[in-house]
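Engineer: Sharing a structure with you now.
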Amino acid sequence: MNRRHFLGGLLTVALVGCSSADTDSSPSTAETYSAALQPVSGPAGDPIRLKYGYEPDNIGDLYLPDNNATSLPVVVMIHGGGWQEDLDLSYFQQMSTAIADEGIAVWNVEYRRGPNNWANTLSDVDDATEALATVVQGAADGRLDLDRVHVAGHSAGGQLAAWVAARHLMPVDAPGAEPKIRPRSATIMAGVFDMKRAADIGGDKFVPAFLGGMPNEVPGRYKIASPIEYLPLDVPLTALHGDADQTVSVNQSRVYVDAATKAGSTDPELVVLPGAGHGAFLDPKNLAWSTALSTITGRAQTLL
């Protein structure tokens, strides 16, 4: 893969969303999250819109805390949406603002997505993460501590965040292999860890659309895209999941953490939230939201 680090200006708001996997489920819609996606600003102020590549979706919002710290931990936020073009960057706006208000920089990224667009999606989230060392660091006036990078994602974005955390373990010809920026920890909210399980057992329709076929048709793509294929993982990972999730089964997180533990991964952790549904992580009034916020900020602030 040829990484692109493009220094650019501002662009219009792009699209974001949420996903489905590993269980019979009702489809996710923008209406499900409308109450949680209202614009908000806090002490951290307005984000800075940046381009990290040449494509229209190669953009992200940088949130900087309102302090004078010269060395900031940074969280890469990766949205969900079933790898489809539905919602917009406001998906993670409130959580990004809340994280920045805790003294942590946030890089909330967009990426190309859509049916059979898996290679571009993976390349984009890799490029967005690598851009921390270039365009994002420049916009932050050199204040980002790139040895304290944390990655977080929800739903399909959880798959992508876990993939970013593991991409240094991938074959040299895989998208994202041999990265310069390696997250030191990860928080995955209602994530899709095992793409084959989602398609074969859960009857998920979004995964085959994303990867361009069923596991028996394109097995190599499933192996590249599935975080569960890259164990043991030498990065602490916390999987947060509601046991009332009807979109992504809690078994996705349970099976992954069990396999990671048996493989000898570094500090895999499962937190199951009773009664929490798929959208709970986007609702600031929900325990799932506060649990995710405290987990992300705690990990980011304690990285060595």
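Identifiers in this document derive from the order of the structure tokens: chains are assigned A, B, ..., residues are numbered from 1 separately in each chain, and ligands are numbered from 1 in order of occurrence.
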Name all residues at most 7 Å from region 118-132 of chain A (count only C-alpha atoms; drop same-chain ones fewer than 5 positions away) and give them as a ChimeraX atom specification.
Structural biologist: /A:3-5,52,58,109,111-113,137,164,175-176,180-181,210-211
Engineer: Hey, can you spit out that residue selection with N, CA and C atoms as an mmCIF file, in the first residue's frame?
Structural biologist:
data_model
loop_
_atom_site.group_PDB
_atom_site.id
_atom_site.type_symbol
_atom_site.label_atom_id
_atom_site.label_comp_id
_atom_site.auth_asym_id
_atom_site.auth_seq_id
_atom_site.Cartn_x
_atom_site.Cartn_y
_atom_site.Cartn_z
ATOM 1 N N ARG A 3 1.131 4.842 1.206
ATOM 2 C CA ARG A 3 0.499 5.777 2.134
ATOM 3 C C ARG A 3 0.570 7.177 1.555
ATOM 4 N N ARG A 4 -0.485 7.955 1.805
ATOM 5 C CA ARG A 4 -0.514 9.320 1.337
ATOM 6 C C ARG A 4 -0.678 10.231 2.532
ATOM 7 N N HIS A 5 0.160 11.221 2.625
ATOM 8 C CA HIS A 5 0.016 12.225 3.680
ATOM 9 C C HIS A 5 -0.106 13.580 2.993
ATOM 10 N N TYR A 52 -6.273 14.504 5.206
ATOM 11 C CA TYR A 52 -5.096 13.648 5.327
ATOM 12 C C TYR A 52 -4.798 12.923 4.018
ATOM 13 N N ASN A 58 -11.278 11.825 2.794
ATOM 14 C CA ASN A 58 -10.023 11.795 3.554
ATOM 15 C C ASN A 58 -9.896 13.052 4.409
ATOM 16 N N VAL A 109 -11.894 10.742 12.735
ATOM 17 C CA VAL A 109 -11.576 10.588 11.318
ATOM 18 C C VAL A 109 -12.750 10.101 10.474
ATOM 19 N N TYR A 111 -13.516 8.309 6.427
ATOM 20 C CA TYR A 111 -12.852 7.368 5.529
ATOM 21 C C TYR A 111 -13.826 6.956 4.430
ATOM 22 N N ARG A 112 -13.286 6.454 3.323
ATOM 23 C CA ARG A 112 -14.134 5.930 2.260
ATOM 24 C C ARG A 112 -14.802 4.640 2.707
ATOM 25 N N ARG A 113 -16.025 4.424 2.251
ATOM 26 C CA ARG A 113 -16.769 3.242 2.642
ATOM 27 C C ARG A 113 -17.811 2.956 1.572
ATOM 28 N N GLN A 137 -0.101 16.644 13.448
ATOM 29 C CA GLN A 137 0.913 17.202 14.344
ATOM 30 C C GLN A 137 1.186 18.662 14.014
ATOM 31 N N VAL A 164 -6.745 -1.286 13.325
ATOM 32 C CA VAL A 164 -5.642 -0.321 13.409
ATOM 33 C C VAL A 164 -4.671 -0.716 14.521
ATOM 34 N N PRO A 175 -3.017 -4.027 3.512
ATOM 35 C CA PRO A 175 -3.190 -2.589 3.759
ATOM 36 C C PRO A 175 -2.838 -2.255 5.200
ATOM 37 N N GLY A 176 -2.001 -1.245 5.386
ATOM 38 C CA GLY A 176 -1.666 -0.809 6.735
ATOM 39 C C GLY A 176 -0.478 -1.490 7.367
ATOM 40 N N LYS A 180 4.065 3.397 11.013
ATOM 41 C CA LYS A 180 4.945 4.213 11.842
ATOM 42 C C LYS A 180 4.262 4.621 13.142
ATOM 43 N N ILE A 181 2.950 4.835 13.083
ATOM 44 C CA ILE A 181 2.177 5.201 14.265
ATOM 45 C C ILE A 181 1.460 3.965 14.781
ATOM 46 N N PHE A 210 -19.622 -5.282 2.583
ATOM 47 C CA PHE A 210 -18.367 -4.563 2.754
ATOM 48 C C PHE A 210 -17.204 -5.299 2.106
ATOM 49 N N LEU A 211 -17.142 -6.609 2.313
ATOM 50 C CA LEU A 211 -16.006 -7.398 1.836
ATOM 51 C C LEU A 211 -16.214 -7.979 0.442
#
Engineer: Residues near region 285-299 of chain A, anyone? I mean within 9 Å using only C-alpha atoms, not counting same-chain ones fewer than 3 positions away, as a ChimeraX atom specification.
Structural biologist: /A:36,75,95,98-99,102-104,150-152,184-189,236,238,240-242,273,276-277,280-282,302-303
Engineer: Output as number ranges by chain all residues of region 66-218 of chain A that backbone DSSP marks as strand (DSSP E or B).
Structural biologist: A: 72-78, 80, 87-88, 105-109, 144-154, 185-189
Engineer: What's the separation between CA of Val172 (chain A) and CA of Ile224 (chain A), in Å to one decimal place?
Structural biologist: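 For CA of Val172 (chain A) relative to CA of Ile224 (chain A), the distance reads 11.4 Å.
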Engineer: Go through A:Gly212, A:Ala225, A:Glu85, A:Ala100 one by one, measure the shortest atom-to-atom distance of each to Leu72 (chain A) using only C-alpha atoms, and give the residue with the smallest value.
Structural biologist: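 When distances to Leu72 (chain A) are compared using only C-alpha atoms, the smallest one comes from A:Ala100.
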Engineer: Nearest residue to Tyr222 (chain A) out of A:Val106, A:Val235, A:Ala199, A:Ala140, using only C-alpha atoms?
Structural biologist: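 The closest residue to Tyr222 (chain A) is A:Ala199.
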Engineer: Fewer than 2 positions away in the same chain doesn't count, so skip those; otherwise give me all residues within 10 Å of Tyr256 (chain A), counting only C-alpha atoms, as a ChimeraX atom specification.
Structural biologist: /A:191-194,227-229,231,239,251-254,258-262,268-270
Engineer: Please write the residues from the selection above to a file, keeping C-alpha atoms, as a compact mmCIF listing (two decimals), in the first residue's frame.
Structural biologist:
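File written: selection_25.txt
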# COMPACT_ATOMS: atom_id res chain seq x y z
CA GLY A 191 -17.26 -3.97 17.89
CA VAL A 192 -17.18 -6.56 15.12
CA PHE A 193 -14.06 -8.63 15.81
CA ASP A 194 -14.77 -11.79 13.81
CA PRO A 227 -9.07 -8.45 14.22
CA ILE A 228 -9.50 -11.94 15.71
CA GLU A 229 -7.06 -13.23 13.09
CA LEU A 231 -3.57 -12.75 18.01
CA ALA A 239 -14.04 -4.50 24.65
CA ASN A 251 -20.75 -12.71 21.60
CA GLN A 252 -18.49 -10.82 19.19
CA SER A 253 -16.68 -9.29 22.17
CA ARG A 254 -16.91 -12.39 24.35
CA ASP A 258 -11.63 -15.28 25.24
CA ALA A 259 -9.46 -16.04 22.20
CA ALA A 260 -7.14 -13.13 22.98
CA THR A 261 -6.71 -14.31 26.56
CA LYS A 262 -5.95 -17.89 25.50
CA PRO A 268 -7.47 -8.09 26.99
CA GLU A 269 -10.52 -6.93 28.94
CA LEU A 270 -14.26 -7.50 28.50
Engineer: What is the distance between CA of Asp267 (chain A) and CA of Gly220 (chain A), in Å to one decimal?
Structural biologist: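 Distance between the two atoms: 28.0 Å.
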Engineer: If you count only C-alpha atoms, which residues fall within 9 Å of Trp107 (chain A), apart from same-chain ones fewer than 6 positions away, as a PyMOL selection string?
Structural biologist: chain A and resi 60-64+74-78+96+128-129+132+136
Engineer: May I ask which of the residues A:Val207, A:Glu110, A:Ala174, A:Ile201 is the closest one to Pro56 (chain A), counting only C-alpha atoms?
Structural biologist: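 Of the candidates, the smallest distance to Pro56 (chain A) is held by A:Glu110.
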Engineer: Check region 70-193 of chain A with DSSP on the backbone and list each residue it calls helix (DSSP H, G or I), as a VMD selection string.
Structural biologist: chain A and resid 89 to 100 118 to 133 135 to 139 156 to 169
